[in-house]
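K.L.:
Structure provided below as structure tokens; questions to follow.
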Amino acid sequence: MSTRQFLIAIADLLLKSDEGTKDWLKVRSLRRSWYVLCAISLVLFTLQVVAKPLAPILSSSANSTLALRVIQLILFICLQVSVFNLALRYYNFALTKKATIKLGNVLKLYSISTLIFGFIYQSVYIIDHGSFIYHDPAFRIAQTLGTQTFFETWKMKIDFLLFSGFQTVNSSFYKIQAHSPWVSVITYLQGLSTLGLVALFIASYVNQRTNRQESQA
């Protein structure tokens, strides 16, 4: 299987298409958006792989560690923007095709968006731990790359993923609260992102009902 075929297969799993949208990757803007999303994901994965052999250097250099953390945060932000851009273009395409919008697609995009925002919050906390009030953190953030265990690393990730999930329903997570203007801006953007996905789904549903009534008339 070629790289292109692999990416198309993954795309079909992400946005499960019906008869009206089965060829969405043939649309240049949609295909380009999908490739950008995949490219950013690959860079993030590569960054994680490269960081392991560089651990001795990063553990002794605060500047190098900070640079790595900032790059990771920027990539997560770019990834979130690319996800929303893909969703917007896909649903615009589906509306023009008068195609059925699958609830599963909306839930997948919502879950991915919530996941990425969780990583964004964690990245912000690692760069500036004063930006959150975090009760009983899994480990203390150091200026250089630490030696956290697998359990400690994922415990912190899960805490921030839960914080992200609660933010999507405008609620609060008892362990973590925002404590800086930057985090407040991010939570506001997350609310807009979630509202945008809901609005796209509602618009698609109304469009389908209208088309169905017109066809029956």
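FYI, nothing fancy with the structure tokens labels: chains A, B, ... in order, residues from 1 per chain, ligands from 1 as they appear.
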Looking only at helix (DSSP H, G or I) from DSSP on the backbone, list the matching residues of stretch 61-156 of chain A as a PyMOL selection string.
P.N.:
chain A and resi 62-96+103-127+129-131+150-156
K.L.:
Contacts of A:Ser131 at 10 Å or less, counting only C-alpha atoms, minus same-chain residues fewer than 6 places along, as a PyMOL selection string?
P.N.:
chain A and resi 121+124-125+177-184
K.L.:
Which residues of stretch 37-105 of chain A come within 8 Å of stretch 26-33 of chain A, and for each one, what is the closest pair of atoms and their distance in Å to one decimal, counting only C-alpha atoms, sorted by chain and residue number, as a Markdown table?
P.N.:
| residue | atom | partner | partner_atom | distance |
| --- | --- | --- | --- | --- |
| A:Leu37 | CA | A:Ser33 | CA | 6.3 |
| A:Ser82 | CA | A:Ser33 | CA | 6.8 |
| A:Asn85 | CA | A:Ser33 | CA | 7.1 |
| A:Leu86 | CA | A:Ser33 | CA | 5.6 |
| A:Arg89 | CA | A:Leu30 | CA | 6.3 |
| A:Tyr90 | CA | A:Leu30 | CA | 6.7 |
K.L.:
Residues of stretch 59-148 of chain A that have any atom at most 8 Å from an atom of stretch 156-171 of chain A: could you tabulate them with the shortest-distance atom pair and the distance in Å to one decimal, using only C-alpha atoms, ordered by chain and increasing number, as a Markdown table?
P.N.:
| residue | atom | partner | partner_atom | distance |
| --- | --- | --- | --- | --- |
| A:Thr114 | CA | A:Ser164 | CA | 5.9 |
| A:Leu115 | CA | A:Leu161 | CA | 6.1 |
| A:Phe117 | CA | A:Ser164 | CA | 6.1 |
| A:Gly118 | CA | A:Leu161 | CA | 4.4 |
| A:Phe119 | CA | A:Lys157 | CA | 7.1 |
| A:Tyr121 | CA | A:Phe160 | CA | 6.5 |
| A:Gln122 | CA | A:Phe160 | CA | 6.0 |
| A:Pro137 | CA | A:Met156 | CA | 6.8 |
| A:Ala138 | CA | A:Met156 | CA | 5.4 |
| A:Phe139 | CA | A:Met156 | CA | 7.8 |
K.L.:
Restricting the calculation to only C-alpha atoms, which member of A:Ser60, A:Thr65, A:Gln80, A:Ser193 is positioned closest to A:Val36?
P.N.:
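Of the candidates, the smallest distance to A:Val36 is held by A:Gln80.
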K.L.:
I'd like the interatomic distance between atom CA of A:Gly104 and atom CA of A:Ser41, to a tenth of an Å.
P.N.:
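Rounded to one decimal, the two atoms are 21.7 Å apart.
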K.L.:
Measuring atom to atom with only C-alpha atoms, identify which of A:Ala203, A:Ala94, A:Ile74, A:Ala142 is nearest to A:Ile120.
P.N.:
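The answer is A:Ile74, which sits nearest to A:Ile120.
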K.L.:
Report, in Å to a single decimal, how far apart atom CA of A:Ala67 and atom CA of A:Ala51 are.
P.N.:
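It comes out at 11.7 Å.
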K.L.:
So, counting only C-alpha atoms, which residue among A:Ile101, A:Ile141, A:Trp24, A:Leu47 is closest to A:Val206?
P.N.:
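With only C-alpha atoms as the atom set, the closest residue is A:Ile101.
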K.L.:
Using only C-alpha atoms, which of A:Cys78, A:Leu195, A:Tyr134, A:Ala11 sits nearest A:Tyr35?
P.N.:
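So, comparing all the options, the nearest one is A:Ala11.
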K.L.:
Please measure the separation of atom CA of A:Ser111 and atom CA of A:Val198, giving the value in Å to one decimal.
P.N.:
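Interatomic distance, atom CA of A:Ser111 to atom CA of A:Val198: 12.7 Å.
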